[in-house]
file upload-v1.txt (compact mmCIF, C-alpha atoms)
# COMPACT_ATOMS: atom_id res chain seq x y z
CA ASP A 1 14.44 -52.96 16.40
CA GLY A 2 12.65 -49.84 17.61
CA PHE A 3 9.14 -51.33 17.66
CA ILE A 4 6.55 -51.12 20.45
CA THR A 5 5.44 -54.54 21.71
CA GLU A 6 3.78 -54.61 25.14
CA CYS A 7 4.14 -53.77 28.83
CA ALA A 8 5.29 -56.37 31.36
CA ILE A 9 1.75 -57.67 32.00
CA ARG A 10 -0.37 -55.39 29.83
CA ASN A 11 -1.18 -54.89 26.16
CA ILE A 12 -0.91 -51.50 24.50
CA PHE A 13 -3.16 -49.81 21.93
CA PHE A 14 -3.05 -46.66 19.82
CA ILE A 15 -5.77 -44.84 17.94
CA LYS A 16 -5.08 -42.89 14.78
CA GLY A 17 -8.14 -41.41 13.11
CA ARG A 18 -10.74 -44.20 13.03
CA THR A 19 -8.22 -47.02 13.34
CA LEU A 20 -7.27 -48.98 16.44
CA LEU A 21 -3.64 -50.10 16.25
CA THR A 22 -2.01 -52.73 18.44
CA PRO A 23 1.29 -54.64 18.11
CA ASP A 24 0.99 -57.90 16.19
CA THR A 25 1.30 -61.18 18.07
CA ASN A 26 4.03 -62.13 15.59
CA LEU A 27 6.22 -59.77 17.62
CA GLY A 28 5.86 -62.04 20.64
CA VAL A 29 2.92 -60.17 22.15
CA LEU A 30 0.69 -62.26 24.41
CA PRO A 31 -2.95 -62.28 23.19
CA GLY A 32 -4.57 -61.29 26.48
CA VAL A 33 -8.29 -61.74 27.15
CA MET A 34 -8.85 -58.00 27.51
CA ARG A 35 -6.93 -57.41 24.27
CA ASN A 36 -9.42 -59.58 22.39
CA ASN A 37 -12.35 -57.85 24.10
CA ILE A 38 -11.07 -54.42 23.09
CA MET A 39 -10.59 -55.39 19.44
CA SER A 40 -14.09 -56.89 19.38
CA ILE A 41 -15.65 -53.74 20.86
CA ALA A 42 -13.66 -51.54 18.47
CA LYS A 43 -15.23 -53.35 15.53
CA GLU A 44 -18.69 -52.97 17.10
CA ILE A 45 -18.25 -49.19 17.21
CA ASN A 46 -17.07 -49.16 13.58
CA LEU A 47 -13.35 -48.71 14.10
CA ASN A 48 -10.83 -50.29 11.79
CA VAL A 49 -8.57 -52.71 13.68
CA GLU A 50 -4.96 -53.36 12.68
CA GLU A 51 -2.48 -55.69 14.33
CA THR A 52 0.77 -54.27 13.05
CA THR A 53 4.27 -53.00 13.83
CA ILE A 54 4.38 -49.63 15.57
CA SER A 55 7.66 -47.74 15.67
CA ILE A 56 8.76 -45.57 18.57
CA GLU A 57 9.24 -42.70 16.11
CA SER A 58 5.52 -42.77 15.20
CA LEU A 59 4.20 -42.33 18.77
CA ASN A 60 3.65 -38.59 18.55
CA GLU A 61 1.56 -39.11 15.40
CA MET A 62 -1.04 -41.07 17.38
CA ASP A 63 -4.29 -39.45 18.49
CA GLU A 64 -4.80 -41.65 21.56
CA ALA A 65 -3.00 -44.39 23.47
CA PHE A 66 -3.90 -46.74 26.32
CA ILE A 67 -2.80 -49.93 28.04
CA SER A 68 -5.04 -52.79 29.14
CA SER A 69 -5.25 -55.96 31.19
CA THR A 70 -7.97 -58.01 32.84
CA GLY A 71 -6.96 -56.66 36.24
CA ILE A 72 -6.95 -52.92 35.46
CA GLY A 73 -9.28 -52.69 32.45
CA ILE A 74 -8.13 -49.66 30.42
CA LEU A 75 -5.68 -46.92 31.46
CA PRO A 76 -4.82 -43.93 29.19
CA CYS A 77 -1.15 -43.34 28.39
CA PHE A 78 0.74 -40.05 28.74
CA TRP A 79 4.23 -38.91 27.77
CA ASP A 80 6.11 -35.63 27.49
CA GLY A 81 5.31 -33.48 24.48
CA TRP A 82 2.09 -35.30 23.57
CA GLN A 83 -1.55 -34.70 24.47
CA SER A 84 -4.91 -36.38 23.80
CA ASP A 85 -8.56 -35.94 24.72
CA PHE A 86 -9.00 -39.78 24.77
CA THR A 87 -12.47 -39.56 23.19
CA ILE A 88 -12.48 -43.01 21.60
CA THR A 89 -10.57 -44.55 24.53
CA SER A 90 -13.33 -43.36 26.85
CA LYS A 91 -15.97 -44.81 24.54
CA ILE A 92 -14.30 -48.23 24.51
CA LYS A 93 -13.88 -48.11 28.30
CA LYS A 94 -17.59 -47.34 28.76
CA HIS A 95 -18.52 -50.39 26.67
CA ILE A 96 -16.26 -52.62 28.76
CA ASP A 97 -17.48 -51.16 32.05
CA LEU A 98 -21.12 -51.59 31.04
CA LEU A 99 -20.53 -55.19 30.01
CA ILE A 100 -18.90 -55.99 33.35
CA LYS A 101 -21.39 -54.05 35.47
CA THR A 102 -24.44 -55.54 33.77
CA ASN A 103 -23.29 -59.14 33.97
CA LEU A 104 -21.14 -59.29 37.10
CA SER A 105 -20.68 -56.17 39.21
CA ALA A 106 -24.38 -55.44 39.77
CA GLY A 107 -25.01 -58.94 41.10
CA ALA A 108 -21.91 -58.83 43.29
CA GLU A 109 -23.05 -55.51 44.79
CA LEU A 110 -26.51 -56.91 45.57
CA ASN A 111 -24.83 -59.86 47.26
CA ARG A 112 -22.71 -57.51 49.33
CA LEU A 113 -25.87 -55.83 50.60
CA LEU A 114 -28.07 -58.91 51.10
CA ILE A 115 -25.86 -61.85 52.05
CA PRO A 116 -24.82 -60.57 55.53
CA SER A 117 -28.43 -60.80 56.73
CA MET A 118 -28.72 -64.31 55.23
CA ILE A 119 -25.59 -65.38 57.11
CA LYS A 120 -27.04 -63.96 60.31
CA ARG A 121 -30.21 -66.02 59.81
CA GLY A 122 -28.20 -69.08 58.86
CA GLN A 123 -30.08 -69.60 55.62
CA GLY A 124 -30.71 -68.06 52.22
CA ASN A 125 -30.50 -68.67 48.48
CA VAL A 126 -28.54 -66.69 45.91
CA LEU A 127 -29.09 -67.59 42.25
CA HIS A 128 -27.11 -66.07 39.39
CA VAL A 129 -28.06 -66.34 35.73
CA GLY A 130 -25.09 -67.13 33.52
CA SER A 131 -24.97 -68.61 30.05
CA THR A 132 -23.67 -71.61 28.12
CA ALA A 133 -21.36 -69.00 26.57
CA SER A 134 -19.28 -69.29 29.75
CA THR A 135 -18.07 -72.74 28.66
CA GLN A 136 -18.74 -72.90 24.92
CA ALA A 137 -17.48 -69.48 23.75
CA ILE A 138 -20.43 -69.15 21.36
CA ALA A 139 -20.95 -65.38 21.54
CA SER A 140 -18.72 -62.30 21.35
CA VAL A 141 -15.38 -62.33 23.16
CA GLY A 142 -16.62 -59.83 25.73
CA TYR A 143 -19.85 -61.68 26.48
CA ASN A 144 -18.10 -65.05 26.72
CA THR A 145 -15.56 -63.57 29.13
CA VAL A 146 -17.99 -61.93 31.55
CA LYS A 147 -20.25 -64.99 31.61
CA ALA A 148 -17.21 -67.15 32.40
CA ALA A 149 -16.45 -64.68 35.20
CA VAL A 150 -19.99 -65.09 36.57
CA ALA A 151 -19.57 -68.88 36.68
CA ALA A 152 -16.22 -68.56 38.47
CA TYR A 153 -17.76 -66.09 40.92
CA VAL A 154 -20.61 -68.49 41.74
CA ARG A 155 -18.22 -71.39 42.34
CA SER A 156 -15.93 -69.28 44.52
CA LEU A 157 -18.68 -67.61 46.54
CA GLY A 158 -20.53 -70.90 46.99
CA ARG A 159 -17.41 -72.49 48.44
CA GLU A 160 -16.77 -69.51 50.70
CA LEU A 161 -20.30 -69.54 52.14
CA ALA A 162 -20.87 -73.31 52.18
CA SER A 163 -20.70 -73.54 55.98
CA THR A 164 -23.04 -70.60 56.62
CA GLY A 165 -26.31 -72.07 55.35
CA VAL A 166 -26.39 -69.70 52.37
CA ILE A 167 -26.82 -71.59 49.08
CA VAL A 168 -25.12 -69.92 46.09
CA THR A 169 -25.87 -71.39 42.67
CA GLY A 170 -26.11 -70.44 39.02
CA ILE A 171 -27.91 -71.54 35.90
CA LEU A 172 -26.30 -71.56 32.46
CA PRO A 173 -29.16 -71.42 29.96
CA GLY A 174 -28.65 -71.81 26.27
CA ALA A 175 -30.95 -70.28 23.66
CA TYR A 176 -34.60 -70.10 24.68
CA PHE A 177 -37.75 -68.14 23.99
CA ALA A 178 -39.22 -65.82 26.63
CA PRO A 179 -41.55 -62.83 26.29
CA GLU A 180 -39.65 -60.00 24.58
CA ASN A 181 -36.21 -61.61 25.05
CA SER A 182 -33.50 -61.43 22.37
CA TRP A 183 -34.54 -64.69 20.70
CA GLU A 184 -38.17 -63.59 20.45
CA ARG A 185 -37.07 -60.32 18.89
CA LEU A 186 -34.73 -62.10 16.49
CA LYS A 187 -37.52 -64.49 15.46
CA GLU A 188 -39.73 -61.52 14.56
CA LYS A 189 -36.96 -59.68 12.73
CA ASN A 190 -35.05 -62.55 11.05
CA PRO A 191 -36.96 -65.84 11.36
CA ASP A 192 -34.66 -67.56 8.87
CA ILE A 193 -31.66 -67.02 11.15
CA VAL A 194 -33.52 -68.64 14.05
CA LYS A 195 -34.57 -71.56 11.86
CA ARG A 196 -30.99 -72.11 10.73
CA PHE A 197 -29.73 -71.95 14.30
CA ILE A 198 -32.25 -74.58 15.36
CA ILE A 199 -31.31 -76.88 12.47
CA ASP A 200 -27.59 -76.54 13.19
CA ASN A 201 -27.61 -76.58 16.99
CA GLU A 202 -30.79 -78.04 18.50
CA PRO A 203 -31.13 -81.88 18.53
CA ARG A 204 -34.78 -81.50 19.63
CA ASN A 205 -35.42 -79.41 16.51
CA LYS A 206 -36.84 -76.60 18.58
CA LEU A 207 -35.67 -73.82 20.85
CA GLY A 208 -36.27 -74.09 24.59
CA SER A 209 -38.86 -72.11 26.51
CA TYR A 210 -38.53 -70.14 29.72
CA GLU A 211 -41.19 -72.46 31.15
CA GLU A 212 -38.65 -75.31 30.97
CA ILE A 213 -36.15 -73.29 33.02
CA ILE A 214 -38.49 -72.24 35.83
CA PRO A 215 -38.58 -75.67 37.61
CA MET A 216 -34.79 -75.60 37.99
CA ILE A 217 -34.94 -72.04 39.33
CA GLU A 218 -37.58 -73.10 41.84
CA PHE A 219 -35.43 -76.02 43.00
CA LEU A 220 -32.23 -73.95 43.33
CA SER A 221 -34.19 -71.32 45.25
CA SER A 222 -35.41 -73.87 47.80
CA ASP A 223 -33.91 -75.35 50.96
CA LYS A 224 -33.63 -78.69 49.12
CA ALA A 225 -30.67 -77.41 47.08
CA THR A 226 -28.16 -77.50 49.94
CA MET A 227 -25.79 -79.87 48.12
CA MET A 228 -25.83 -77.62 45.03
CA THR A 229 -24.04 -74.64 46.54
CA GLY A 230 -21.24 -73.46 44.27
CA CYS A 231 -22.71 -75.31 41.27
CA CYS A 232 -23.62 -73.87 37.88
CA VAL A 233 -26.26 -75.93 36.10
CA PRO A 234 -26.34 -75.97 32.26
CA ILE A 235 -29.86 -75.86 30.82
CA ASP A 236 -29.56 -76.25 27.08
call {"tool": "encode", "arguments": {"input": "upload-v1.txt", "output": "structure tokens"}}
result
Amino acid sequence: DGFITECAIRNIFFIKGRTLLTPDTNLGVLPGVMRNNIMSIAKEINLNVEETTISIESLNEMDEAFISSTGIGILPCFWDGWQSDFTITSKIKKHIDLLIKTNLSAGAELNRLLIPSMIKRGQGNVLHVGSTASTQAIASVGYNTVKAAVAAYVRSLGRELASTGVIVTGILPGAYFAPENSWERLKEKNPDIVKRFIIDNEPRNKLGSYEEIIPMIEFLSSDKATMMTGCCVPID
């Protein structure tokens, strides 16, 4: 019918003015994880988001275009007779890259540098901090996704290193107070929101404290946690 839908394994997006356009799932488009992340980030940076029909004839009217998937992230599109500076595309890509680097890539790089010496010694502990968002999908699409990736990484790396003496674990804390953390800041700024969250979500009628998490961290960081390698422990 002359409408753009998707690539073989990738979603496609266009930007026109301050609006992000992507083919509607009613056209048979698969709602990929990265697709949802991109639409969420677009709203965060004050773009309008429209899932719609996009005709081939309208392509040259677009200001920017890119494809996406979990494997490649974002790649700009090019075609004959059309040019773009990809300003907004670059902005969205930076948000995605920062989210991934902060929550996953930085830890993986530290592991790459430190774990070889642990393997050589035949002992060591690696502890990653995840979130209950990895299993409960309680935050933004992007945050839920990267935290789920952290949990998968811990399980996979723990299995890979199980025979080396290196213990790889993770904790999945829920909401808790700690000095200057996001919940402390939210309590100062909007105490009513915190109170409502506690009423709706906390059977103990109070938010946890970092002091309740420390004993588990101490255990997972010890040589007594050998059977825990590859495990992610919810603390909520």
call {"tool": "closest_residue", "arguments": {"input": "upload-v1.txt", "among": "A:Thr5, A:Asn46, A:Ser131, A:Ser84", "to": "Leu30 of chain A", "atoms": "only C-alpha atoms"}}
result
A:Thr5
call {"tool": "atom_distance", "arguments": {"input": "upload-v1.txt", "atom1": "atom CA of Gly165 of chain A", "atom2": "atom CA of Thr102 of chain A"}}
result
27.2 Å
call {"tool": "closest_atom_pairs", "arguments": {"input": "upload-v1.txt", "of": "segment 134-202 of chain A", "to": "segment 225-232 of chain A", "cutoff": "9 Å", "atoms": "only C-alpha atoms", "output": "CSV"}}
result
residue,atom,partner,partner_atom,distance
A:Ala151,CA,A:Cys232,CA,6.5
A:Tyr153,CA,A:Gly230,CA,8.8
A:Val154,CA,A:Gly230,CA,5.6
A:Arg155,CA,A:Gly230,CA,4.1
A:Ser156,CA,A:Gly230,CA,6.8
A:Leu157,CA,A:Gly230,CA,6.8
A:Gly158,CA,A:Gly230,CA,3.8
A:Arg159,CA,A:Gly230,CA,5.7
A:Glu160,CA,A:Gly230,CA,8.8
A:Leu161,CA,A:Thr229,CA,8.4
A:Ala162,CA,A:Thr229,CA,6.6
A:Gly165,CA,A:Thr226,CA,7.9
A:Val166,CA,A:Thr229,CA,8.0
A:Ile167,CA,A:Thr229,CA,4.8
A:Val168,CA,A:Thr229,CA,4.9
A:Thr169,CA,A:Cys231,CA,5.2
A:Gly170,CA,A:Cys232,CA,4.4
A:Ile171,CA,A:Cys232,CA,5.3
A:Leu172,CA,A:Cys232,CA,6.5
call {"tool": "write_last_selection", "arguments": {"input": "upload-v1.txt", "atoms": "C-alpha atoms", "output": "mmCIF file, keeping the file's coordinate frame"}}
result
data_model
loop_
_atom_site.group_PDB
_atom_site.id
_atom_site.type_symbol
_atom_site.label_atom_id
_atom_site.label_comp_id
_atom_site.auth_asym_id
_atom_site.auth_seq_id
_atom_site.Cartn_x
_atom_site.Cartn_y
_atom_site.Cartn_z
ATOM 1 C CA ALA A 151 -19.570 -68.880 36.680
ATOM 2 C CA TYR A 153 -17.760 -66.090 40.920
ATOM 3 C CA VAL A 154 -20.610 -68.490 41.740
ATOM 4 C CA ARG A 155 -18.220 -71.390 42.340
ATOM 5 C CA SER A 156 -15.930 -69.280 44.520
ATOM 6 C CA LEU A 157 -18.680 -67.610 46.540
ATOM 7 C CA GLY A 158 -20.530 -70.900 46.990
ATOM 8 C CA ARG A 159 -17.410 -72.490 48.440
ATOM 9 C CA GLU A 160 -16.770 -69.510 50.700
ATOM 10 C CA LEU A 161 -20.300 -69.540 52.140
ATOM 11 C CA ALA A 162 -20.870 -73.310 52.180
ATOM 12 C CA GLY A 165 -26.310 -72.070 55.350
ATOM 13 C CA VAL A 166 -26.390 -69.700 52.370
ATOM 14 C CA ILE A 167 -26.820 -71.590 49.080
ATOM 15 C CA VAL A 168 -25.120 -69.920 46.090
ATOM 16 C CA THR A 169 -25.870 -71.390 42.670
ATOM 17 C CA GLY A 170 -26.110 -70.440 39.020
ATOM 18 C CA ILE A 171 -27.910 -71.540 35.900
ATOM 19 C CA LEU A 172 -26.300 -71.560 32.460
#
call {"tool": "atom_distance", "arguments": {"input": "upload-v1.txt", "atom1": "atom CA of Gly81 of chain A", "atom2": "atom CA of Phe14 of chain A"}}
result
16.3 Å
call {"tool": "closest_residue", "arguments": {"input": "upload-v1.txt", "among": "A:Val194, A:Ala65, A:Ala175, A:Ile15", "to": "Asn48 of chain A", "atoms": "only C-alpha atoms"}}
result
A:Ile15
call {"tool": "atom_distance", "arguments": {"input": "upload-v1.txt", "atom1": "atom CA of Arg121 of chain A", "atom2": "atom CA of Asn103 of chain A"}}
result
27.6 Å
call {"tool": "closest_residue", "arguments": {"input": "upload-v1.txt", "among": "A:Leu127, A:Leu186, A:Leu220, A:Val33", "to": "Val150 of chain A", "atoms": "all atoms listed in the file"}}
result
A:Leu127
call {"tool": "axis_aligned_box", "arguments": {"input": "upload-v1.txt", "around": "segment 122-130 of chain A", "padding_each_side": "3 Å", "output": "lines of an AutoDock Vina configuration file"}}
result
center_x = -27.9
center_y = -67.8
center_z = 46.2
size_x = 11.6
size_y = 9.5
size_z = 31.3
call {"tool": "build_atoms", "arguments": {"input": "upload-v1.txt", "residues": "segment 54-65 of chain A", "atoms": "all heavy atoms", "output": "PDB file, keeping the file's coordinate frame"}}
result
ATOM      1  N   ILE A  54       4.504 -51.043  15.214  1.00  0.00           N
ATOM      2  CA  ILE A  54       4.380 -49.630  15.570  1.00  0.00           C
ATOM      3  C   ILE A  54       5.747 -49.153  16.049  1.00  0.00           C
ATOM      4  O   ILE A  54       6.270 -49.645  17.056  1.00  0.00           O
ATOM      5  CB  ILE A  54       3.324 -49.426  16.682  1.00  0.00           C
ATOM      6  CG1 ILE A  54       1.970 -49.961  16.203  1.00  0.00           C
ATOM      7  CG2 ILE A  54       3.230 -47.960  17.075  1.00  0.00           C
ATOM      8  CD1 ILE A  54       0.937 -50.084  17.310  1.00  0.00           C
ATOM      9  N   SER A  55       6.325 -48.219  15.325  1.00  0.00           N
ATOM     10  CA  SER A  55       7.660 -47.740  15.670  1.00  0.00           C
ATOM     11  C   SER A  55       7.602 -46.683  16.764  1.00  0.00           C
ATOM     12  O   SER A  55       6.603 -45.968  16.914  1.00  0.00           O
ATOM     13  CB  SER A  55       8.358 -47.147  14.437  1.00  0.00           C
ATOM     14  OG  SER A  55       7.682 -45.971  14.013  1.00  0.00           O
ATOM     15  N   ILE A  56       8.668 -46.589  17.522  1.00  0.00           N
ATOM     16  CA  ILE A  56       8.760 -45.570  18.570  1.00  0.00           C
ATOM     17  C   ILE A  56       8.667 -44.178  17.952  1.00  0.00           C
ATOM     18  O   ILE A  56       8.058 -43.267  18.522  1.00  0.00           O
ATOM     19  CB  ILE A  56      10.070 -45.737  19.359  1.00  0.00           C
ATOM     20  CG1 ILE A  56      10.057 -47.072  20.107  1.00  0.00           C
ATOM     21  CG2 ILE A  56      10.286 -44.583  20.323  1.00  0.00           C
ATOM     22  CD1 ILE A  56      11.350 -47.387  20.828  1.00  0.00           C
ATOM     23  N   GLU A  57       9.229 -44.024  16.763  1.00  0.00           N
ATOM     24  CA  GLU A  57       9.240 -42.700  16.110  1.00  0.00           C
ATOM     25  C   GLU A  57       7.832 -42.226  15.752  1.00  0.00           C
ATOM     26  O   GLU A  57       7.596 -41.030  15.584  1.00  0.00           O
ATOM     27  CB  GLU A  57      10.090 -42.757  14.836  1.00  0.00           C
ATOM     28  CG  GLU A  57      11.590 -42.861  15.069  1.00  0.00           C
ATOM     29  CD  GLU A  57      12.018 -44.274  15.461  1.00  0.00           C
ATOM     30  OE1 GLU A  57      11.192 -45.207  15.334  1.00  0.00           O
ATOM     31  OE2 GLU A  57      13.167 -44.434  15.910  1.00  0.00           O
ATOM     32  N   SER A  58       6.869 -43.161  15.620  1.00  0.00           N
ATOM     33  CA  SER A  58       5.520 -42.770  15.200  1.00  0.00           C
ATOM     34  C   SER A  58       4.595 -42.414  16.365  1.00  0.00           C
ATOM     35  O   SER A  58       3.448 -42.040  16.150  1.00  0.00           O
ATOM     36  CB  SER A  58       4.876 -43.922  14.403  1.00  0.00           C
ATOM     37  OG  SER A  58       4.614 -45.039  15.254  1.00  0.00           O
ATOM     38  N   LEU A  59       5.073 -42.515  17.606  1.00  0.00           N
ATOM     39  CA  LEU A  59       4.200 -42.330  18.770  1.00  0.00           C
ATOM     40  C   LEU A  59       3.517 -40.972  18.788  1.00  0.00           C
ATOM     41  O   LEU A  59       2.315 -40.861  19.077  1.00  0.00           O
ATOM     42  CB  LEU A  59       4.995 -42.532  20.063  1.00  0.00           C
ATOM     43  CG  LEU A  59       5.473 -43.958  20.353  1.00  0.00           C
ATOM     44  CD1 LEU A  59       6.083 -44.035  21.736  1.00  0.00           C
ATOM     45  CD2 LEU A  59       4.333 -44.951  20.209  1.00  0.00           C
ATOM     46  N   ASN A  60       4.246 -39.924  18.483  1.00  0.00           N
ATOM     47  CA  ASN A  60       3.650 -38.590  18.550  1.00  0.00           C
ATOM     48  C   ASN A  60       2.644 -38.326  17.434  1.00  0.00           C
ATOM     49  O   ASN A  60       1.946 -37.311  17.457  1.00  0.00           O
ATOM     50  CB  ASN A  60       4.753 -37.518  18.516  1.00  0.00           C
ATOM     51  CG  ASN A  60       5.489 -37.417  19.844  1.00  0.00           C
ATOM     52  OD1 ASN A  60       4.961 -37.818  20.885  1.00  0.00           O
ATOM     53  ND2 ASN A  60       6.703 -36.888  19.812  1.00  0.00           N
ATOM     54  N   GLU A  61       2.559 -39.237  16.463  1.00  0.00           N
ATOM     55  CA  GLU A  61       1.560 -39.110  15.400  1.00  0.00           C
ATOM     56  C   GLU A  61       0.212 -39.700  15.816  1.00  0.00           C
ATOM     57  O   GLU A  61      -0.792 -39.506  15.126  1.00  0.00           O
ATOM     58  CB  GLU A  61       2.056 -39.834  14.135  1.00  0.00           C
ATOM     59  CG  GLU A  61       3.371 -39.295  13.587  1.00  0.00           C
ATOM     60  CD  GLU A  61       3.897 -40.160  12.449  1.00  0.00           C
ATOM     61  OE1 GLU A  61       3.163 -41.090  12.019  1.00  0.00           O
ATOM     62  OE2 GLU A  61       5.032 -39.907  12.001  1.00  0.00           O
ATOM     63  N   MET A  62       0.183 -40.420  16.925  1.00  0.00           N
ATOM     64  CA  MET A  62      -1.040 -41.070  17.380  1.00  0.00           C
ATOM     65  C   MET A  62      -1.988 -40.064  18.030  1.00  0.00           C
ATOM     66  O   MET A  62      -1.569 -39.094  18.647  1.00  0.00           O
ATOM     67  CB  MET A  62      -0.704 -42.187  18.374  1.00  0.00           C
ATOM     68  CG  MET A  62       0.220 -43.250  17.814  1.00  0.00           C
ATOM     69  SD  MET A  62      -0.515 -44.089  16.375  1.00  0.00           S
ATOM     70  CE  MET A  62       0.854 -45.139  15.858  1.00  0.00           C
ATOM     71  N   ASP A  63      -3.288 -40.319  17.876  1.00  0.00           N
ATOM     72  CA  ASP A  63      -4.290 -39.450  18.490  1.00  0.00           C
ATOM     73  C   ASP A  63      -4.593 -39.850  19.934  1.00  0.00           C
ATOM     74  O   ASP A  63      -4.909 -39.009  20.771  1.00  0.00           O
ATOM     75  CB  ASP A  63      -5.594 -39.500  17.683  1.00  0.00           C
ATOM     76  CG  ASP A  63      -5.402 -38.984  16.269  1.00  0.00           C
ATOM     77  OD1 ASP A  63      -4.698 -37.973  16.101  1.00  0.00           O
ATOM     78  OD2 ASP A  63      -5.953 -39.602  15.330  1.00  0.00           O
ATOM     79  N   GLU A  64      -4.517 -41.160  20.217  1.00  0.00           N
ATOM     80  CA  GLU A  64      -4.800 -41.650  21.560  1.00  0.00           C
ATOM     81  C   GLU A  64      -3.938 -42.882  21.828  1.00  0.00           C
ATOM     82  O   GLU A  64      -3.456 -43.527  20.889  1.00  0.00           O
ATOM     83  CB  GLU A  64      -6.284 -42.024  21.727  1.00  0.00           C
ATOM     84  CG  GLU A  64      -7.242 -40.888  21.428  1.00  0.00           C
ATOM     85  CD  GLU A  64      -8.708 -41.279  21.595  1.00  0.00           C
ATOM     86  OE1 GLU A  64      -9.023 -42.051  22.521  1.00  0.00           O
ATOM     87  OE2 GLU A  64      -9.533 -40.791  20.790  1.00  0.00           O
ATOM     88  N   ALA A  65      -3.759 -43.202  23.103  1.00  0.00           N
ATOM     89  CA  ALA A  65      -3.000 -44.390  23.470  1.00  0.00           C
ATOM     90  C   ALA A  65      -3.468 -44.874  24.836  1.00  0.00           C
ATOM     91  O   ALA A  65      -3.799 -44.076  25.712  1.00  0.00           O
ATOM     92  CB  ALA A  65      -1.498 -44.084  23.513  1.00  0.00           C
TER      93      ALA A  65
END
